[in-house]
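First comes the structure, then the notes that go with it.
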Amino acid sequence: MIQYNPKTWFSLIFDVYSRYVIKLLFPLLLFVGLFSLGMCFVVLTVFDYHFSGTIAFHSILGVILGLFLVLRTNTAYDRWWEGRKLWGQLVNDSRQLAIKIHSFLPKEENEHREFFRRMIPNEAFSMKEHLRDSILVGEMDLIDEATKQRVITSKHRPNMINKLLYERVMMCHAEGLINDQQLFILDKEIKGFTDIIGACERIKSTPIPYSYSMFIKKFLFIYSLTLPVSFMWELHYWTVPVVMLAFYFLVSVELIAEEIEDPFGNDINDLPLNDLALKIKRNVSEILAI
């Protein structure tokens, strides 16, 4: 995710992201520009046809299109913000679990404390890779080779990390290191991890309905291609840059919505999952430091 100062107007206006959008949209912008140029040439030069163009039709369509884009952007942002809240909850739940483990376990139980110190952050790393459809385990600090093999061979690694945490909690309970009430408290904390990954999977596996996304793109494209009809008799060949500019702004809004509707990927506007996972690791290591 891009970190920025919202008060620096100049740097925001000329930010590199604008150049990234232009580069991404350049083929479409070029097509729209050439199409508008060809339409102006055929109508104004070849046929020398003149008509008192009107912008009323496109003004009405523009209002409808604006409502669609607002709804589209708000829907995508809601998904992005829900994902951020879920990962904020993951940060807090990881801290809470580490604090309670630190309080419940005797200080001399270094082996158990070390296990939780290394395994709790793995929940965040496994969720990050799972949501990105990745099978990497390089960032995980797995306690031993047997544990590593169990994680690697599992099909749902966040579930496996949860299972390993719960197995160790039950081991501590069987050894009399935590009582029944403490077991109940830790059970609720670990269950929270399952709820978070389930909610994240719901966001990831339920995209914006195809018909809705398809209609907006089709509406944008047809609106932009017919836009020269409203301007060419008044602006002549200046219609070309005007249409290209309008197309750039309209499609940029749709492009932003496309990026943030799946907030767990690697796009520049997606959530900073790497930073959040590292924050969890630092916090848990500090809490459970031996």
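Going by the structure tokens order, chains are called A, B, ..., each with residues numbered from 1, while ligands are numbered from 1 in the order shown.
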
For this session: as JSON, numbers by chain, list the residues of stretch 37-155 of chain A assigned to helix (DSSP H, G or I) by DSSP on the backbone atoms of this structure.
Result: {"A": [37, 38, 39, 40, 41, 42, 43, 44, 45, 46, 56, 57, 58, 59, 60, 61, 62, 63, 64, 65, 66, 67, 68, 69, 70, 71, 72, 73, 74, 75, 76, 77, 78, 79, 80, 81, 82, 83, 84, 85, 86, 87, 88, 89, 90, 91, 92, 93, 94, 95, 96, 97, 98, 99, 100, 101, 102, 103, 104, 110, 111, 112, 113, 114, 115, 116, 117, 118, 119, 120, 121, 122, 123, 124, 125, 126, 127, 128, 129, 130, 131, 145, 146, 147, 148, 149, 150, 151, 152, 153]}

For this session: Find the spatial neighbours of A:Phe249, counting only C-alpha atoms, within a cut-off of 12 Å - ignore same-chain residues fewer than 3 positions away - and output them as a ChimeraX atom specification.
Result: /A:18,21-22,25,29,66,69,220,224,242-246,252-256

Mind writing the picked residues with all heavy atoms as a short mmCIF file (atom, residue, chain, number, x, y, z; two decimals), in the first residue's frame?
```
data_model
loop_
_atom_site.label_atom_id
_atom_site.label_comp_id
_atom_site.auth_asym_id
_atom_site.auth_seq_id
_atom_site.Cartn_x
_atom_site.Cartn_y
_atom_site.Cartn_z
N SER A 18 0.15 8.26 -11.19
CA SER A 18 -0.56 8.78 -12.36
C SER A 18 0.09 8.28 -13.63
O SER A 18 -0.60 7.91 -14.60
CB SER A 18 -0.57 10.31 -12.33
OG SER A 18 -1.22 10.80 -11.17
N VAL A 21 -0.90 4.67 -14.16
CA VAL A 21 -2.24 4.52 -14.72
C VAL A 21 -2.23 4.83 -16.21
O VAL A 21 -2.85 4.11 -17.02
CB VAL A 21 -3.24 5.44 -13.98
CG1 VAL A 21 -4.61 5.40 -14.65
CG2 VAL A 21 -3.38 5.02 -12.52
N ILE A 22 -1.52 5.90 -16.59
CA ILE A 22 -1.46 6.26 -18.01
C ILE A 22 -0.80 5.13 -18.82
O ILE A 22 -1.26 4.77 -19.91
CB ILE A 22 -0.69 7.58 -18.19
CG1 ILE A 22 -1.51 8.73 -17.61
CG2 ILE A 22 -0.41 7.84 -19.67
CD1 ILE A 22 -0.79 10.06 -17.63
N LEU A 25 -3.27 2.29 -19.15
CA LEU A 25 -4.42 2.58 -20.01
C LEU A 25 -4.01 3.06 -21.40
O LEU A 25 -4.89 3.36 -22.22
CB LEU A 25 -5.29 3.68 -19.36
CG LEU A 25 -5.97 3.31 -18.04
CD1 LEU A 25 -6.77 4.51 -17.54
CD2 LEU A 25 -6.88 2.11 -18.20
N LEU A 29 -6.41 4.30 -24.37
CA LEU A 29 -6.42 5.73 -24.66
C LEU A 29 -6.07 5.99 -26.13
O LEU A 29 -6.69 6.85 -26.78
CB LEU A 29 -5.42 6.46 -23.75
CG LEU A 29 -5.84 6.68 -22.31
CD1 LEU A 29 -4.67 7.21 -21.48
CD2 LEU A 29 -7.00 7.66 -22.22
N GLY A 66 -22.18 8.23 -13.62
CA GLY A 66 -21.59 8.67 -12.36
C GLY A 66 -22.14 7.91 -11.17
O GLY A 66 -21.39 7.53 -10.27
N LEU A 69 -20.57 4.46 -11.15
CA LEU A 69 -19.18 4.48 -10.71
C LEU A 69 -19.07 4.72 -9.21
O LEU A 69 -18.21 4.15 -8.54
CB LEU A 69 -18.40 5.55 -11.48
CG LEU A 69 -18.12 5.25 -12.95
CD1 LEU A 69 -17.43 6.43 -13.62
CD2 LEU A 69 -17.27 3.99 -13.09
N LEU A 220 -19.07 2.34 -19.99
CA LEU A 220 -17.94 3.27 -20.12
C LEU A 220 -17.43 3.34 -21.55
O LEU A 220 -17.17 4.43 -22.08
CB LEU A 220 -16.80 2.83 -19.18
CG LEU A 220 -16.84 3.30 -17.74
CD1 LEU A 220 -15.76 2.60 -16.94
CD2 LEU A 220 -16.64 4.80 -17.68
N SER A 224 -17.79 6.59 -24.08
CA SER A 224 -16.59 7.30 -24.56
C SER A 224 -16.54 7.32 -26.07
O SER A 224 -16.13 8.33 -26.68
CB SER A 224 -15.34 6.62 -24.00
OG SER A 224 -15.34 6.65 -22.59
N VAL A 242 -10.14 16.13 -25.74
CA VAL A 242 -11.21 16.23 -24.74
C VAL A 242 -11.78 14.84 -24.44
O VAL A 242 -11.97 14.46 -23.27
CB VAL A 242 -12.33 17.18 -25.23
CG1 VAL A 242 -13.55 17.08 -24.33
CG2 VAL A 242 -11.82 18.61 -25.27
N VAL A 243 -12.02 14.05 -25.47
CA VAL A 243 -12.57 12.71 -25.29
C VAL A 243 -11.56 11.81 -24.58
O VAL A 243 -11.91 11.03 -23.68
CB VAL A 243 -12.97 12.10 -26.64
CG1 VAL A 243 -13.32 10.63 -26.49
CG2 VAL A 243 -14.16 12.86 -27.22
N MET A 244 -10.29 11.93 -24.95
CA MET A 244 -9.26 11.12 -24.30
C MET A 244 -9.14 11.45 -22.82
O MET A 244 -8.97 10.57 -21.98
CB MET A 244 -7.90 11.32 -25.00
CG MET A 244 -7.84 10.75 -26.40
SD MET A 244 -6.24 11.01 -27.21
CE MET A 244 -5.19 9.93 -26.22
N LEU A 245 -9.23 12.75 -22.49
CA LEU A 245 -9.15 13.16 -21.09
C LEU A 245 -10.35 12.63 -20.30
O LEU A 245 -10.20 12.13 -19.18
CB LEU A 245 -9.08 14.69 -20.99
CG LEU A 245 -8.82 15.27 -19.61
CD1 LEU A 245 -7.45 14.84 -19.10
CD2 LEU A 245 -8.91 16.80 -19.64
N ALA A 246 -11.54 12.74 -20.89
CA ALA A 246 -12.74 12.23 -20.22
C ALA A 246 -12.64 10.73 -20.02
O ALA A 246 -12.98 10.19 -18.94
CB ALA A 246 -13.98 12.59 -21.03
N SER A 252 -10.11 5.50 -15.02
CA SER A 252 -9.24 5.46 -13.84
C SER A 252 -10.03 5.12 -12.58
O SER A 252 -9.54 4.39 -11.71
CB SER A 252 -8.53 6.80 -13.66
OG SER A 252 -7.64 7.05 -14.72
N VAL A 253 -11.25 5.63 -12.48
CA VAL A 253 -12.08 5.31 -11.32
C VAL A 253 -12.41 3.81 -11.30
O VAL A 253 -12.33 3.16 -10.25
CB VAL A 253 -13.38 6.15 -11.35
CG1 VAL A 253 -14.32 5.73 -10.23
CG2 VAL A 253 -13.06 7.63 -11.24
N GLU A 254 -12.75 3.28 -12.46
CA GLU A 254 -13.02 1.85 -12.54
C GLU A 254 -11.77 1.03 -12.24
O GLU A 254 -11.84 -0.02 -11.58
CB GLU A 254 -13.55 1.51 -13.94
CG GLU A 254 -13.65 0.03 -14.27
CD GLU A 254 -14.66 -0.72 -13.42
OE1 GLU A 254 -15.48 -0.07 -12.74
OE2 GLU A 254 -14.62 -1.97 -13.44
N LEU A 255 -10.62 1.52 -12.67
CA LEU A 255 -9.36 0.82 -12.43
C LEU A 255 -9.04 0.75 -10.94
O LEU A 255 -8.59 -0.28 -10.42
CB LEU A 255 -8.23 1.51 -13.18
CG LEU A 255 -6.86 0.85 -13.13
CD1 LEU A 255 -6.90 -0.51 -13.82
CD2 LEU A 255 -5.81 1.74 -13.76
N ILE A 256 -9.28 1.85 -10.23
CA ILE A 256 -9.05 1.87 -8.79
C ILE A 256 -9.96 0.86 -8.10
O ILE A 256 -9.54 0.12 -7.20
CB ILE A 256 -9.29 3.29 -8.23
CG1 ILE A 256 -8.23 4.25 -8.76
CG2 ILE A 256 -9.28 3.29 -6.70
CD1 ILE A 256 -8.51 5.69 -8.45
#
```

Would you mind listing, for every residue of stretch 76-132 of chain A within 10 Å of stretch 152-176 of chain A, the two atoms forming the shortest contact and the distance between them in Å to one decimal, using only C-alpha atoms, sorted by chain and ascending residue number, as JSON lines?
```
{"residue": "A:Ile101", "atom": "CA", "partner": "A:Val169", "partner_atom": "CA", "distance": 9.2}
{"residue": "A:Leu105", "atom": "CA", "partner": "A:Cys172", "partner_atom": "CA", "distance": 8.4}
{"residue": "A:Glu109", "atom": "CA", "partner": "A:Cys172", "partner_atom": "CA", "distance": 9.9}
{"residue": "A:His112", "atom": "CA", "partner": "A:Arg168", "partner_atom": "CA", "distance": 7.7}
{"residue": "A:Phe115", "atom": "CA", "partner": "A:Arg168", "partner_atom": "CA", "distance": 8.3}
{"residue": "A:Phe116", "atom": "CA", "partner": "A:Leu165", "partner_atom": "CA", "distance": 7.4}
{"residue": "A:Met119", "atom": "CA", "partner": "A:Leu165", "partner_atom": "CA", "distance": 7.3}
{"residue": "A:Ile120", "atom": "CA", "partner": "A:Leu165", "partner_atom": "CA", "distance": 7.6}
{"residue": "A:Pro121", "atom": "CA", "partner": "A:Ile161", "partner_atom": "CA", "distance": 9.7}
{"residue": "A:Asn122", "atom": "CA", "partner": "A:Ile161", "partner_atom": "CA", "distance": 7.0}
{"residue": "A:Glu123", "atom": "CA", "partner": "A:Pro158", "partner_atom": "CA", "distance": 5.9}
{"residue": "A:Ala124", "atom": "CA", "partner": "A:Pro158", "partner_atom": "CA", "distance": 8.1}
{"residue": "A:Phe125", "atom": "CA", "partner": "A:Pro158", "partner_atom": "CA", "distance": 8.6}
{"residue": "A:Ser126", "atom": "CA", "partner": "A:Pro158", "partner_atom": "CA", "distance": 5.3}
{"residue": "A:Met127", "atom": "CA", "partner": "A:Pro158", "partner_atom": "CA", "distance": 5.7}
{"residue": "A:Lys128", "atom": "CA", "partner": "A:Pro158", "partner_atom": "CA", "distance": 9.2}
{"residue": "A:Glu129", "atom": "CA", "partner": "A:Arg157", "partner_atom": "CA", "distance": 9.0}
{"residue": "A:His130", "atom": "CA", "partner": "A:Arg157", "partner_atom": "CA", "distance": 7.2}
```

Exercise. Hey, which of A:Gln182, A:Thr194, A:Asn92, A:Ser205 ends up closest to A:Arg79? Count only C-alpha atoms.
Worked result: A:Ser205

Please build the interface table for stretch 153-271 of chain A against stretch 40-48 of chain A with a cut-off of 9 Å, listing for each qualifying residue the nearest atom pair and the distance in Å to one decimal; count only C-alpha atoms, order rows by chain and increasing number, and write it as CSV.
```
residue,atom,partner,partner_atom,distance
A:Pro228,CA,A:Cys40,CA,7.7
A:Val229,CA,A:Cys40,CA,8.8
A:Met232,CA,A:Cys40,CA,6.4
A:Trp233,CA,A:Leu44,CA,7.8
A:His236,CA,A:Cys40,CA,7.0
A:Tyr237,CA,A:Cys40,CA,6.5
A:Thr239,CA,A:Cys40,CA,8.0
A:Val240,CA,A:Cys40,CA,8.3
```

Writing out the chosen residues with all heavy atoms as a PDB file, in the first residue's frame:
```
ATOM      1  N   PRO A 228     -17.616  11.892 -29.026  1.00  0.00           N
ATOM      2  CA  PRO A 228     -17.305  12.880 -30.078  1.00  0.00           C
ATOM      3  C   PRO A 228     -18.532  13.461 -30.763  1.00  0.00           C
ATOM      4  O   PRO A 228     -18.481  14.596 -31.265  1.00  0.00           O
ATOM      5  CB  PRO A 228     -16.453  12.069 -31.069  1.00  0.00           C
ATOM      6  CG  PRO A 228     -15.830  11.002 -30.248  1.00  0.00           C
ATOM      7  CD  PRO A 228     -16.868  10.638 -29.213  1.00  0.00           C
ATOM      8  N   VAL A 229     -19.625  12.713 -30.813  1.00  0.00           N
ATOM      9  CA  VAL A 229     -20.838  13.207 -31.467  1.00  0.00           C
ATOM     10  C   VAL A 229     -21.327  14.490 -30.820  1.00  0.00           C
ATOM     11  O   VAL A 229     -21.897  15.372 -31.478  1.00  0.00           O
ATOM     12  CB  VAL A 229     -21.936  12.126 -31.427  1.00  0.00           C
ATOM     13  CG1 VAL A 229     -23.238  12.635 -32.021  1.00  0.00           C
ATOM     14  CG2 VAL A 229     -21.476  10.871 -32.151  1.00  0.00           C
ATOM     15  N   MET A 232     -17.868  17.386 -31.653  1.00  0.00           N
ATOM     16  CA  MET A 232     -17.037  17.610 -32.842  1.00  0.00           C
ATOM     17  C   MET A 232     -17.437  18.839 -33.645  1.00  0.00           C
ATOM     18  O   MET A 232     -16.592  19.477 -34.264  1.00  0.00           O
ATOM     19  CB  MET A 232     -17.038  16.357 -33.728  1.00  0.00           C
ATOM     20  CG  MET A 232     -18.368  16.061 -34.409  1.00  0.00           C
ATOM     21  SD  MET A 232     -18.207  14.688 -35.600  1.00  0.00           S
ATOM     22  CE  MET A 232     -17.890  13.324 -34.502  1.00  0.00           C
ATOM     23  N   TRP A 233     -18.727  19.208 -33.646  1.00  0.00           N
ATOM     24  CA  TRP A 233     -19.131  20.358 -34.458  1.00  0.00           C
ATOM     25  C   TRP A 233     -18.811  21.683 -33.768  1.00  0.00           C
ATOM     26  O   TRP A 233     -18.759  22.708 -34.413  1.00  0.00           O
ATOM     27  CB  TRP A 233     -20.627  20.282 -34.754  1.00  0.00           C
ATOM     28  CG  TRP A 233     -20.918  19.205 -35.759  1.00  0.00           C
ATOM     29  CD1 TRP A 233     -20.719  19.256 -37.103  1.00  0.00           C
ATOM     30  CD2 TRP A 233     -21.430  17.918 -35.481  1.00  0.00           C
ATOM     31  NE1 TRP A 233     -21.077  18.077 -37.694  1.00  0.00           N
ATOM     32  CE2 TRP A 233     -21.537  17.226 -36.726  1.00  0.00           C
ATOM     33  CE3 TRP A 233     -21.836  17.261 -34.328  1.00  0.00           C
ATOM     34  CZ2 TRP A 233     -22.009  15.929 -36.833  1.00  0.00           C
ATOM     35  CZ3 TRP A 233     -22.303  15.977 -34.432  1.00  0.00           C
ATOM     36  CH2 TRP A 233     -22.389  15.316 -35.661  1.00  0.00           C
ATOM     37  N   HIS A 236     -14.390  20.782 -33.080  1.00  0.00           N
ATOM     38  CA  HIS A 236     -13.663  20.258 -34.234  1.00  0.00           C
ATOM     39  C   HIS A 236     -12.621  19.234 -33.777  1.00  0.00           C
ATOM     40  O   HIS A 236     -12.945  18.344 -33.012  1.00  0.00           O
ATOM     41  CB  HIS A 236     -13.072  21.402 -35.048  1.00  0.00           C
ATOM     42  CG  HIS A 236     -14.120  22.366 -35.531  1.00  0.00           C
ATOM     43  ND1 HIS A 236     -14.974  22.071 -36.551  1.00  0.00           N
ATOM     44  CD2 HIS A 236     -14.474  23.618 -35.082  1.00  0.00           C
ATOM     45  CE1 HIS A 236     -15.805  23.085 -36.767  1.00  0.00           C
ATOM     46  NE2 HIS A 236     -15.527  24.041 -35.870  1.00  0.00           N
ATOM     47  N   TYR A 237     -11.369  19.399 -34.209  1.00  0.00           N
ATOM     48  CA  TYR A 237     -10.372  18.373 -33.864  1.00  0.00           C
ATOM     49  C   TYR A 237      -9.897  18.453 -32.412  1.00  0.00           C
ATOM     50  O   TYR A 237      -9.198  17.552 -31.938  1.00  0.00           O
ATOM     51  CB  TYR A 237      -9.177  18.470 -34.816  1.00  0.00           C
ATOM     52  CG  TYR A 237      -9.465  17.876 -36.176  1.00  0.00           C
ATOM     53  CD1 TYR A 237      -9.877  18.691 -37.228  1.00  0.00           C
ATOM     54  CD2 TYR A 237      -9.364  16.513 -36.403  1.00  0.00           C
ATOM     55  CE1 TYR A 237     -10.164  18.152 -38.475  1.00  0.00           C
ATOM     56  CE2 TYR A 237      -9.647  15.960 -37.642  1.00  0.00           C
ATOM     57  CZ  TYR A 237     -10.056  16.781 -38.670  1.00  0.00           C
ATOM     58  OH  TYR A 237     -10.345  16.235 -39.905  1.00  0.00           O
ATOM     59  N   THR A 239     -11.794  17.937 -30.225  1.00  0.00           N
ATOM     60  CA  THR A 239     -12.607  16.877 -29.626  1.00  0.00           C
ATOM     61  C   THR A 239     -11.745  15.698 -29.181  1.00  0.00           C
ATOM     62  O   THR A 239     -12.025  15.061 -28.163  1.00  0.00           O
ATOM     63  CB  THR A 239     -13.661  16.389 -30.646  1.00  0.00           C
ATOM     64  OG1 THR A 239     -14.509  17.475 -30.990  1.00  0.00           O
ATOM     65  CG2 THR A 239     -14.497  15.253 -30.070  1.00  0.00           C
ATOM     66  N   VAL A 240     -10.676  15.423 -29.932  1.00  0.00           N
ATOM     67  CA  VAL A 240      -9.844  14.242 -29.654  1.00  0.00           C
ATOM     68  C   VAL A 240      -9.232  14.301 -28.253  1.00  0.00           C
ATOM     69  O   VAL A 240      -9.418  13.378 -27.451  1.00  0.00           O
ATOM     70  CB  VAL A 240      -8.763  14.069 -30.731  1.00  0.00           C
ATOM     71  CG1 VAL A 240      -7.844  12.895 -30.385  1.00  0.00           C
ATOM     72  CG2 VAL A 240      -9.398  13.867 -32.096  1.00  0.00           C
TER      73      VAL A 240
END
```

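The space separating atom CA of A:Leu61 from atom CA of A:Val251 comes to 15.4 Å.
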
Exercise. Which one of A:Gly138, A:Gly265, A:Pro241, A:Gly62 sits closest to A:Phe219 if you count only C-alpha atoms?
Worked result: A:Gly62

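Counting only C-alpha atoms, A:Phe221 has the following residues at most 10 Å away, ignoring those fewer than 4 positions along the same chain: Leu28, Val32, Phe215, Ile216, Lys217, Leu225, Thr226, Leu227, Phe247, Leu250 and Val251 of chain A.
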
For this session: Write out as a list in words the residues lying within 10 Å of A:Glu261, counting only C-alpha atoms and excluding same-chain residues fewer than 4 positions away.
Result: Arg72, Thr73, Asn74, Thr75, Ala76, Tyr77, Asp78, Arg79, Trp80, Trp81, Gly83, Ile203, Lys204, Thr206, Pro207, Ile208, Ile256, Ala257, Gly265 and Asp270 of chain A
